[in-house]
Amino acid sequence: MTVAKPPYRADHVGSLLRPEPVKQARKSFYEDKSISADELKAVEDAAIVDLIKMQEEIGLPVVTDGEARRSFWHYDFMGMLTGLDLEERDEGVQFAGVKLRPIFPTINAKLDFPSDHPMIEHFKFVADNTKVMPKISIPGPSCCHFRTAVEDIHPAEYKDPQTLFADLAATYAKAVQAFYDAGCRYLQMDDIFFAYLCDPKHREAKAAAGQDPDWLIDRYAWMMREAIKDRPDDMTIGMHMCRGNFRSTHAAEGAYDLAAEAIFSTGVDIFFMEYDTDRAGGLEALKLLPKGKQRVLPGFITTKTAELESIDWLKAKFEEASQYCDIDQLGIAPQCGFASTEEGNAITYDDQRRKLELVVNTAEAIWGGVAS
């Protein structure tokens, strides 16, 4: 079977609701200490095979493991890096009405990407169990900086932020190559903090910490460019941006305008951009997308609620988007994943499936297929 190469007209961000057996097994392993790591992995393996089948049955040209082996979309990957540790404390990150579990990234030594990073094997498992394109989503390099408080960056040399950014870029460049060597031809980085830095309250918080938010946008774009610039020609890089996704809540608001130029300068091939509510602002930022092969997948379909968008409404949204960029440089994906943390959003498995089916049906209605 010939596997279609990205970019696709229909795609998705990556995370899926955790199947009940996985939830139970994780509780048994992490909390009750009643099963072994091998037993947990066996449950995860079986569930991921089913998740892959579900995605294939719907007609998606690309599949992930749903991040079923993770607790968080970002912290698991970060905590597996050399030099970065996760510490539990009393206070969690504030979302709209709820707080994230109190885990804090802490940089204790020089950063590096270890050759035995567990997510390399996570990717290989997906590749071994699908007939279509396997993809893995990892947090982008900005995450390791944005989510780490200044006081939690301990190496003396990292008091110079440019030294830290350079090491983060090198760490991620090594990760890109490692995933490629493992067979990955489609790697997605979730660099959501470009969107956060368009939010007045997050900008104020960074300024209060002595960090110029506009300078951070510029440096975050530099890190991404550096991380991916030497990737092989047959490797596609995607980048997801949103404003937070925890139990159907959000953590930021604001249009992309302040960061759009930097975002589109990164050299990324595919941009997953949240656009399901007015929280993301208007579509004007799309006019800065360079003409060519790069593609934007506007997230008009929300993963936060069960209500199903109509194809007519989605067609109208794409007609509006095409006023700012070529319709041929667009595709469709949900606004975010369905479970950025293991708790998942406030929707059902059936809701999730209907949303993904809508992605496929919309691509077929507008472009005549999912992989054109």
# chains A, B, ... in the order shown; residues from 1 in each chain; ligands from 1
>>> residues_around(residues="stretch 73-81 of chain A", least_positions_apart="5", cutoff="9 Å", atoms="only C-alpha atoms", output="list in words")
Ser15, Glu67, Leu86, Ile103, Phe104, Pro105, Thr106, Leu111, Asp112, Phe113, Pro114, His117, Pro118, Met119, Ser137, Ile138, Pro139, Gly140, Cys143, Cys144, Thr171, Asp190, Ala339, Ser340, Thr341 and Glu342 of chain A
>>> residues_around(residues="A:Trp222", least_positions_apart="5", cutoff="9 Å", atoms="only C-alpha atoms", output="PyMOL selection string")
chain A and resi 165+169+217+227+262+265-266
>>> write_last_selection(atoms="C-alpha atoms", output="short mmCIF file (atom, residue, chain, number, x, y, z; two decimals), in the first residue's frame")
data_model
loop_
_atom_site.label_atom_id
_atom_site.label_comp_id
_atom_site.auth_asym_id
_atom_site.auth_seq_id
_atom_site.Cartn_x
_atom_site.Cartn_y
_atom_site.Cartn_z
CA PHE A 165 17.82 29.00 23.88
CA ALA A 169 17.55 24.46 19.83
CA ILE A 217 8.25 35.58 20.29
CA ALA A 227 15.77 22.95 15.47
CA ALA A 262 7.34 35.17 13.49
CA SER A 265 9.01 32.58 9.45
CA THR A 266 9.91 29.36 11.29
#
>>> atom_distance(atom1="atom CA of A:Val360", atom2="atom CA of A:Ile301")
11.5 Å
>>> closest_residue(among="A:Asp191, A:Asp312, A:Asp218, A:Asp351", to="A:Pro141", atoms="only C-alpha atoms")
A:Asp191
>>> residues_around(residues="A:Thr362", least_positions_apart="3", cutoff="10 Å", atoms="only C-alpha atoms", output="list in words")
Arg9, Ala10, Ser310, Ile311, Asp312, Leu314, Lys315, Gly331, Ile332, Ala333, Leu356, Glu357, Leu358, Val359, Ala365, Ile366, Trp367, Gly368, Gly369 and Val370 of chain A
>>> closest_residue(among="A:Arg354, A:Lys131, A:His12, A:Arg231", to="A:Gly299", atoms="only C-alpha atoms")
A:His12
>>> closest_atom_pairs(of="stretch 220-299 of chain A", to="stretch 198-211 of chain A", cutoff="7 Å", atoms="only C-alpha atoms", output="Markdown table")
| residue | atom | partner | partner_atom | distance |
| --- | --- | --- | --- | --- |
| A:Ala252 | CA | A:Asp199 | CA | 6.0 |
| A:Glu253 | CA | A:Asp199 | CA | 5.2 |
| A:Gly254 | CA | A:Asp199 | CA | 4.9 |
| A:Ala255 | CA | A:Cys198 | CA | 6.5 |
| A:Tyr256 | CA | A:Cys198 | CA | 6.3 |
| A:Leu258 | CA | A:Cys198 | CA | 5.9 |
| A:Ala259 | CA | A:Cys198 | CA | 6.8 |
>>> atom_distance(atom1="atom CA of A:Trp313", atom2="atom CA of A:Val296")
18.4 Å
>>> select_by_dssp(residues="stretch 139-230 of chain A", states="strand (DSSP E or B)", output="PyMOL selection string")
chain A and resi 139+153+186-190
>>> write_last_selection(atoms="N, CA, C and O atoms", output="PDB file, in the first residue's frame")
ATOM      1  N   PRO A 139       6.005  18.429  22.487  1.00  0.00           N
ATOM      2  CA  PRO A 139       6.027  19.861  22.768  1.00  0.00           C
ATOM      3  C   PRO A 139       7.188  20.523  22.059  1.00  0.00           C
ATOM      4  O   PRO A 139       8.270  19.950  21.946  1.00  0.00           O
ATOM      5  N   ILE A 153      15.497  27.627  36.884  1.00  0.00           N
ATOM      6  CA  ILE A 153      16.586  27.402  35.924  1.00  0.00           C
ATOM      7  C   ILE A 153      17.893  27.560  36.692  1.00  0.00           C
ATOM      8  O   ILE A 153      18.315  28.662  37.020  1.00  0.00           O
ATOM      9  N   TYR A 186       6.948  12.462   9.657  1.00  0.00           N
ATOM     10  CA  TYR A 186       5.984  13.517   9.971  1.00  0.00           C
ATOM     11  C   TYR A 186       6.025  13.752  11.468  1.00  0.00           C
ATOM     12  O   TYR A 186       5.509  12.956  12.251  1.00  0.00           O
ATOM     13  N   LEU A 187       6.670  14.826  11.851  1.00  0.00           N
ATOM     14  CA  LEU A 187       6.843  15.188  13.266  1.00  0.00           C
ATOM     15  C   LEU A 187       6.104  16.490  13.528  1.00  0.00           C
ATOM     16  O   LEU A 187       6.265  17.461  12.796  1.00  0.00           O
ATOM     17  N   GLN A 188       5.309  16.489  14.587  1.00  0.00           N
ATOM     18  CA  GLN A 188       4.569  17.692  14.957  1.00  0.00           C
ATOM     19  C   GLN A 188       5.091  18.220  16.289  1.00  0.00           C
ATOM     20  O   GLN A 188       5.313  17.460  17.226  1.00  0.00           O
ATOM     21  N   MET A 189       5.300  19.532  16.347  1.00  0.00           N
ATOM     22  CA  MET A 189       5.708  20.177  17.599  1.00  0.00           C
ATOM     23  C   MET A 189       4.597  21.128  18.032  1.00  0.00           C
ATOM     24  O   MET A 189       4.147  21.956  17.241  1.00  0.00           O
ATOM     25  N   ASP A 190       4.172  20.988  19.267  1.00  0.00           N
ATOM     26  CA  ASP A 190       3.121  21.844  19.796  1.00  0.00           C
ATOM     27  C   ASP A 190       3.779  23.052  20.457  1.00  0.00           C
ATOM     28  O   ASP A 190       4.261  22.974  21.584  1.00  0.00           O
TER      29      ASP A 190
END
>>> closest_residue(among="A:Ala68, A:Val22, A:Leu308, A:Ala4", to="A:Pro134", atoms="only C-alpha atoms")
A:Ala4
>>> closest_residue(among="A:Leu164, A:Ala42, A:Met239, A:Ile107", to="A:Pro21", atoms="only C-alpha atoms")
A:Ala42
>>> residues_around(residues="A:Lys41", least_positions_apart="2", cutoff="12 Å", atoms="only C-alpha atoms", output="CSV table (one decimal) with all heavy atoms, in the first residue's frame")
chain,number,residue,atom,x,y,z
A,21,PRO,N,-9.6,1.1,29.8
A,21,PRO,CA,-8.6,0.2,30.3
A,21,PRO,C,-7.3,0.9,30.6
A,21,PRO,O,-6.6,0.5,31.5
A,21,PRO,CB,-8.5,-0.8,29.1
A,21,PRO,CG,-9.8,-0.8,28.4
A,21,PRO,CD,-10.2,0.7,28.5
A,22,VAL,N,-6.9,1.9,29.8
A,22,VAL,CA,-5.7,2.6,30.0
A,22,VAL,C,-5.8,3.4,31.3
A,22,VAL,O,-4.9,3.5,32.2
A,22,VAL,CB,-5.4,3.6,28.8
A,22,VAL,CG1,-4.2,4.5,29.2
A,22,VAL,CG2,-5.0,2.7,27.6
A,25,ALA,N,-5.5,1.0,34.2
A,25,ALA,CA,-4.2,0.5,34.3
A,25,ALA,C,-3.2,1.5,34.8
A,25,ALA,O,-2.3,1.2,35.6
A,25,ALA,CB,-3.7,-0.1,33.0
A,26,ARG,N,-3.3,2.7,34.4
A,26,ARG,CA,-2.4,3.8,34.9
A,26,ARG,C,-2.7,4.0,36.4
A,26,ARG,O,-1.7,4.2,37.2
A,26,ARG,CB,-2.6,5.1,34.1
A,26,ARG,CG,-2.1,5.0,32.7
A,26,ARG,CD,-2.3,6.3,31.9
A,26,ARG,NE,-1.6,7.4,32.6
A,26,ARG,CZ,-0.3,7.7,32.3
A,26,ARG,NH1,0.4,6.9,31.5
A,26,ARG,NH2,0.3,8.7,32.9
A,29,PHE,N,-1.0,1.2,38.2
A,29,PHE,CA,0.4,1.2,38.2
A,29,PHE,C,1.0,2.4,39.1
A,29,PHE,O,1.8,2.2,40.0
A,29,PHE,CB,1.0,1.3,36.8
A,29,PHE,CG,2.5,1.4,36.7
A,29,PHE,CD1,3.3,0.3,37.0
A,29,PHE,CD2,3.1,2.6,36.5
A,29,PHE,CE1,4.6,0.4,36.9
A,29,PHE,CE2,4.5,2.7,36.4
A,29,PHE,CZ,5.2,1.6,36.6
A,35,ILE,N,0.2,-3.3,39.6
A,35,ILE,CA,0.6,-4.0,38.4
A,35,ILE,C,2.0,-3.6,38.0
A,35,ILE,O,2.5,-2.5,38.5
A,35,ILE,CB,-0.4,-3.7,37.2
A,35,ILE,CG1,-0.3,-2.3,36.8
A,35,ILE,CG2,-1.8,-4.2,37.6
A,35,ILE,CD1,-1.1,-2.0,35.5
A,36,SER,N,2.7,-4.3,37.2
A,36,SER,CA,4.0,-4.0,36.8
A,36,SER,C,4.0,-3.1,35.6
A,36,SER,O,3.0,-2.9,34.9
A,36,SER,CB,4.7,-5.3,36.4
A,36,SER,OG,4.2,-5.9,35.2
A,37,ALA,N,5.2,-2.6,35.3
A,37,ALA,CA,5.4,-1.7,34.1
A,37,ALA,C,5.0,-2.5,32.8
A,37,ALA,O,4.4,-1.9,31.9
A,37,ALA,CB,6.8,-1.2,34.0
A,38,ASP,N,5.4,-3.7,32.8
A,38,ASP,CA,5.1,-4.6,31.6
A,38,ASP,C,3.6,-4.8,31.4
A,38,ASP,O,3.1,-4.8,30.3
A,38,ASP,CB,5.8,-5.9,31.7
A,38,ASP,CG,7.3,-5.8,31.4
A,38,ASP,OD1,7.8,-4.8,30.9
A,38,ASP,OD2,8.0,-6.8,31.8
A,39,GLU,N,2.9,-4.9,32.5
A,39,GLU,CA,1.5,-5.1,32.5
A,39,GLU,C,0.8,-3.8,32.0
A,39,GLU,O,-0.2,-3.8,31.2
A,39,GLU,CB,0.9,-5.5,33.8
A,39,GLU,CG,1.3,-7.0,34.2
A,39,GLU,CD,0.9,-7.3,35.6
A,39,GLU,OE1,1.3,-6.5,36.6
A,39,GLU,OE2,0.1,-8.3,35.8
A,43,VAL,N,-1.4,-3.2,28.3
A,43,VAL,CA,-2.8,-2.6,28.2
A,43,VAL,C,-2.7,-1.4,27.3
A,43,VAL,O,-3.6,-1.2,26.4
A,43,VAL,CB,-3.2,-2.1,29.6
A,43,VAL,CG1,-4.5,-1.3,29.5
A,43,VAL,CG2,-3.5,-3.3,30.5
A,44,GLU,N,-1.7,-0.6,27.4
A,44,GLU,CA,-1.5,0.6,26.5
A,44,GLU,C,-1.3,0.1,25.0
A,44,GLU,O,-2.0,0.7,24.1
A,44,GLU,CB,-0.3,1.4,26.9
A,44,GLU,CG,-0.4,2.1,28.2
A,44,GLU,CD,0.9,2.8,28.7
A,44,GLU,OE1,2.0,2.3,28.3
A,44,GLU,OE2,0.8,3.7,29.6
A,45,ASP,N,-0.5,-0.9,24.8
A,45,ASP,CA,-0.3,-1.4,23.5
A,45,ASP,C,-1.7,-1.8,22.8
A,45,ASP,O,-2.0,-1.4,21.7
A,45,ASP,CB,0.6,-2.6,23.5
A,45,ASP,CG,2.0,-2.2,23.7
A,45,ASP,OD1,2.4,-1.0,23.8
A,45,ASP,OD2,2.9,-3.2,23.9
A,46,ALA,N,-2.5,-2.5,23.5
A,46,ALA,CA,-3.7,-3.0,23.0
A,46,ALA,C,-4.7,-1.8,22.7
A,46,ALA,O,-5.4,-1.8,21.7
A,46,ALA,CB,-4.4,-4.0,24.0
A,47,ALA,N,-4.7,-0.9,23.6
A,47,ALA,CA,-5.6,0.3,23.4
A,47,ALA,C,-5.1,1.1,22.2
A,47,ALA,O,-6.0,1.6,21.5
A,47,ALA,CB,-5.6,1.1,24.7
A,48,ILE,N,-3.8,1.3,22.1
A,48,ILE,CA,-3.3,2.1,21.0
A,48,ILE,C,-3.6,1.4,19.6
A,48,ILE,O,-3.9,2.1,18.7
A,48,ILE,CB,-1.8,2.4,21.2
A,48,ILE,CG1,-1.6,3.4,22.3
A,48,ILE,CG2,-1.2,2.9,19.9
A,48,ILE,CD1,-0.2,3.5,22.8
A,68,ALA,N,-1.7,8.2,24.4
A,68,ALA,CA,-2.3,7.3,25.5
A,68,ALA,C,-1.3,6.9,26.6
A,68,ALA,O,-1.7,6.5,27.6
A,68,ALA,CB,-2.9,6.1,24.9
A,69,ARG,N,0.0,7.0,26.3
A,69,ARG,CA,1.0,6.6,27.3
A,69,ARG,C,1.4,7.8,28.1
A,69,ARG,O,2.3,7.7,29.0
A,69,ARG,CB,2.3,6.1,26.5
A,69,ARG,CG,2.0,4.9,25.6
A,69,ARG,CD,3.4,4.3,25.1
A,69,ARG,NE,3.2,3.5,24.0
A,69,ARG,CZ,2.9,2.2,24.0
A,69,ARG,NH1,2.7,1.6,25.1
A,69,ARG,NH2,2.8,1.6,22.8
A,70,ARG,N,0.8,9.0,27.9
A,70,ARG,CA,1.2,10.2,28.6
A,70,ARG,C,0.2,10.6,29.6
A,70,ARG,O,-1.0,10.4,29.5
A,70,ARG,CB,1.4,11.3,27.6
A,70,ARG,CG,2.4,11.0,26.5
A,70,ARG,CD,2.6,12.3,25.6
A,70,ARG,NE,3.0,11.9,24.3
A,70,ARG,CZ,3.3,12.8,23.3
A,70,ARG,NH1,3.2,14.1,23.6
A,70,ARG,NH2,3.6,12.4,22.1
A,121,GLU,N,10.5,5.0,21.0
A,121,GLU,CA,9.8,3.7,20.9
A,121,GLU,C,8.3,3.9,20.8
A,121,GLU,O,7.7,3.1,20.1
A,121,GLU,CB,10.2,2.9,22.1
A,121,GLU,CG,11.6,2.4,22.2
A,121,GLU,CD,12.0,1.6,20.9
A,121,GLU,OE1,11.2,0.8,20.5
A,121,GLU,OE2,13.2,1.9,20.4
A,122,HIS,N,7.8,4.9,21.4
A,122,HIS,CA,6.3,5.2,21.2
A,122,HIS,C,6.0,5.4,19.7
A,122,HIS,O,5.0,4.9,19.3
A,122,HIS,CB,5.9,6.4,22.0
A,122,HIS,CG,6.1,6.3,23.5
A,122,HIS,ND1,5.8,7.3,24.4
A,122,HIS,CD2,6.6,5.2,24.3
A,122,HIS,CE1,6.1,6.9,25.6
A,122,HIS,NE2,6.5,5.7,25.6
A,125,PHE,N,6.1,2.1,17.7
A,125,PHE,CA,5.0,1.2,17.9
A,125,PHE,C,3.8,1.6,16.9
A,125,PHE,O,3.2,0.7,16.3
A,125,PHE,CB,4.5,1.2,19.3
A,125,PHE,CG,3.4,0.3,19.6
A,125,PHE,CD1,3.6,-1.1,19.9
A,125,PHE,CD2,2.0,0.7,19.6
A,125,PHE,CE1,2.6,-1.9,20.1
A,125,PHE,CE2,1.0,-0.2,19.8
A,125,PHE,CZ,1.3,-1.5,20.1
>>> atom_distance(atom1="atom CA of A:Phe193", atom2="atom CA of A:Leu286")
18.0 Å
>>> residues_around(residues="A:Ile327", least_positions_apart="5", cutoff="8 Å", atoms="only C-alpha atoms", output="PyMOL selection string")
chain A and resi 318+321-322
>>> write_last_selection(atoms="all heavy atoms", output="mmCIF file, in the first residue's frame")
data_model
loop_
_atom_site.group_PDB
_atom_site.id
_atom_site.type_symbol
_atom_site.label_atom_id
_atom_site.label_comp_id
_atom_site.auth_asym_id
_atom_site.auth_seq_id
_atom_site.Cartn_x
_atom_site.Cartn_y
_atom_site.Cartn_z
ATOM 1 N N PHE A 318 -14.212 28.687 5.564
ATOM 2 C CA PHE A 318 -13.107 28.555 4.614
ATOM 3 C C PHE A 318 -13.209 29.583 3.483
ATOM 4 O O PHE A 318 -12.181 30.051 2.980
ATOM 5 C CB PHE A 318 -13.033 27.128 4.067
ATOM 6 C CG PHE A 318 -12.278 26.207 4.978
ATOM 7 C CD1 PHE A 318 -12.954 25.328 5.813
ATOM 8 C CD2 PHE A 318 -10.895 26.246 5.036
ATOM 9 C CE1 PHE A 318 -12.262 24.500 6.679
ATOM 10 C CE2 PHE A 318 -10.187 25.421 5.895
ATOM 11 C CZ PHE A 318 -10.874 24.544 6.727
ATOM 12 N N ALA A 321 -11.683 32.492 5.078
ATOM 13 C CA ALA A 321 -10.230 32.330 5.179
ATOM 14 C C ALA A 321 -9.553 32.541 3.832
ATOM 15 O O ALA A 321 -8.434 33.072 3.756
ATOM 16 C CB ALA A 321 -9.895 30.938 5.726
ATOM 17 N N SER A 322 -10.229 32.134 2.753
ATOM 18 C CA SER A 322 -9.627 32.240 1.415
ATOM 19 C C SER A 322 -9.510 33.681 0.935
ATOM 20 O O SER A 322 -8.876 33.946 -0.082
ATOM 21 C CB SER A 322 -10.440 31.419 0.411
ATOM 22 O OG SER A 322 -11.714 31.990 0.190
#
>>> closest_residue(among="A:Met223, A:His154, A:Thr303, A:Leu288", to="A:Tyr349", atoms="only C-alpha atoms")
A:Thr303
>>> decode(residues="stretch 64-184 of chain A", atoms="C-alpha atoms", output="short mmCIF file (atom, residue, chain, number, x, y, z; two decimals), in the first residue's frame")
data_model
loop_
_atom_site.label_atom_id
_atom_site.label_comp_id
_atom_site.auth_asym_id
_atom_site.auth_seq_id
_atom_site.Cartn_x
_atom_site.Cartn_y
_atom_site.Cartn_z
CA THR A 64 -1.13 8.90 16.27
CA ASP A 65 -1.12 6.87 19.46
CA GLY A 66 -3.51 9.41 20.96
CA GLU A 67 -0.79 10.20 23.51
CA ALA A 68 -2.27 7.32 25.48
CA ARG A 69 1.03 6.62 27.25
CA ARG A 70 1.23 10.18 28.60
CA SER A 71 -0.18 12.07 31.53
CA PHE A 72 0.40 15.48 29.89
CA TRP A 73 0.88 16.54 26.26
CA HIS A 74 4.15 18.24 27.20
CA TYR A 75 5.57 17.37 30.61
CA ASP A 76 6.13 13.67 29.91
CA PHE A 77 8.38 14.45 26.93
CA MET A 78 10.16 17.26 28.76
CA GLY A 79 10.82 15.19 31.87
CA MET A 80 12.52 12.58 29.69
CA LEU A 81 15.11 15.11 28.46
CA THR A 82 18.57 15.14 29.98
CA GLY A 83 18.89 18.02 32.44
CA LEU A 84 15.17 18.71 32.95
CA ASP A 85 13.22 17.28 35.89
CA LEU A 86 9.57 17.50 36.92
CA GLU A 87 8.88 18.54 40.51
CA GLU A 88 5.53 18.30 42.33
CA ARG A 89 4.49 21.27 44.47
CA ASP A 90 1.39 22.64 46.13
CA GLU A 91 0.14 25.09 43.48
CA GLY A 92 -0.99 24.23 39.93
CA VAL A 93 -1.21 26.36 36.77
CA GLN A 94 -4.48 28.32 36.58
CA PHE A 95 -6.89 27.61 33.73
CA ALA A 96 -10.41 29.05 33.38
CA GLY A 97 -12.05 27.79 36.56
CA VAL A 98 -9.70 24.86 37.22
CA LYS A 99 -6.08 24.32 38.14
CA LEU A 100 -3.62 21.98 36.47
CA ARG A 101 -2.00 19.30 38.61
CA PRO A 102 0.98 20.87 40.45
CA ILE A 103 3.95 19.72 38.37
CA PHE A 104 6.77 22.13 37.63
CA PRO A 105 9.60 21.72 35.10
CA THR A 106 13.01 22.42 36.61
CA ILE A 107 16.27 22.69 34.68
CA ASN A 108 19.05 21.25 36.84
CA ALA A 109 21.81 20.52 34.32
CA LYS A 110 22.87 20.99 30.71
CA LEU A 111 20.02 20.08 28.37
CA ASP A 112 20.29 17.26 25.84
CA PHE A 113 18.14 14.74 23.98
CA PRO A 114 19.00 11.23 25.19
CA SER A 115 19.38 8.46 22.62
CA ASP A 116 17.02 6.27 24.67
CA HIS A 117 14.22 8.84 24.97
CA PRO A 118 11.11 6.63 25.45
CA MET A 119 9.03 8.44 22.86
CA ILE A 120 11.23 7.13 20.08
CA GLU A 121 9.83 3.70 20.89
CA HIS A 122 6.33 5.17 21.22
CA PHE A 123 6.58 6.35 17.63
CA LYS A 124 7.94 3.03 16.38
CA PHE A 125 4.96 1.19 17.88
CA VAL A 126 2.54 3.37 15.89
CA ALA A 127 4.57 2.91 12.71
CA ASP A 128 4.51 -0.86 13.17
CA ASN A 129 0.72 -0.93 13.56
CA THR A 130 -0.68 1.34 10.86
CA LYS A 131 -1.29 1.24 7.13
CA VAL A 132 -1.21 5.03 6.79
CA MET A 133 1.20 7.79 7.88
CA PRO A 134 2.31 7.56 11.52
CA LYS A 135 2.80 10.87 13.33
CA ILE A 136 4.00 11.82 16.77
CA SER A 137 3.28 15.11 18.50
CA ILE A 138 5.82 16.52 20.96
CA PRO A 139 6.03 19.86 22.77
CA GLY A 140 8.04 22.45 20.87
CA PRO A 141 11.22 24.03 22.20
CA SER A 142 9.45 27.14 23.50
CA CYS A 143 7.57 24.97 26.00
CA CYS A 144 10.73 24.16 27.94
CA HIS A 145 11.32 27.88 28.47
CA PHE A 146 7.79 29.26 28.86
CA ARG A 147 6.73 26.61 31.38
CA THR A 148 9.93 26.85 33.46
CA ALA A 149 10.05 29.69 35.98
CA VAL A 150 13.21 31.79 36.04
CA GLU A 151 13.95 30.64 39.60
CA ASP A 152 13.75 26.99 38.45
CA ILE A 153 16.59 27.40 35.92
CA HIS A 154 19.63 26.45 38.00
CA PRO A 155 22.73 26.05 35.76
CA ALA A 156 24.77 29.25 35.97
CA GLU A 157 25.32 29.43 32.21
CA TYR A 158 21.55 29.45 31.64
CA LYS A 159 21.21 32.76 33.45
CA ASP A 160 22.02 34.05 29.97
CA PRO A 161 18.75 33.22 28.18
CA GLN A 162 20.43 33.07 24.76
CA THR A 163 22.69 30.27 26.03
CA LEU A 164 19.59 28.42 27.21
CA PHE A 165 17.82 29.00 23.88
CA ALA A 166 20.86 27.76 21.97
CA ASP A 167 20.97 24.55 24.00
CA LEU A 168 17.23 24.05 23.61
CA ALA A 169 17.55 24.46 19.83
CA ALA A 170 20.44 21.96 19.75
CA THR A 171 18.49 19.52 21.94
CA TYR A 172 15.52 19.67 19.60
CA ALA A 173 17.66 19.41 16.47
CA LYS A 174 19.00 16.19 17.95
CA ALA A 175 15.44 15.03 18.65
CA VAL A 176 14.37 15.76 15.07
CA GLN A 177 17.21 13.64 13.74
CA ALA A 178 16.53 10.85 16.24
CA PHE A 179 12.89 10.61 15.22
CA TYR A 180 13.89 10.64 11.56
CA ASP A 181 16.38 7.82 12.16
CA ALA A 182 13.53 5.88 13.80
CA GLY A 183 11.50 6.17 10.60
CA CYS A 184 9.48 9.29 11.42
#
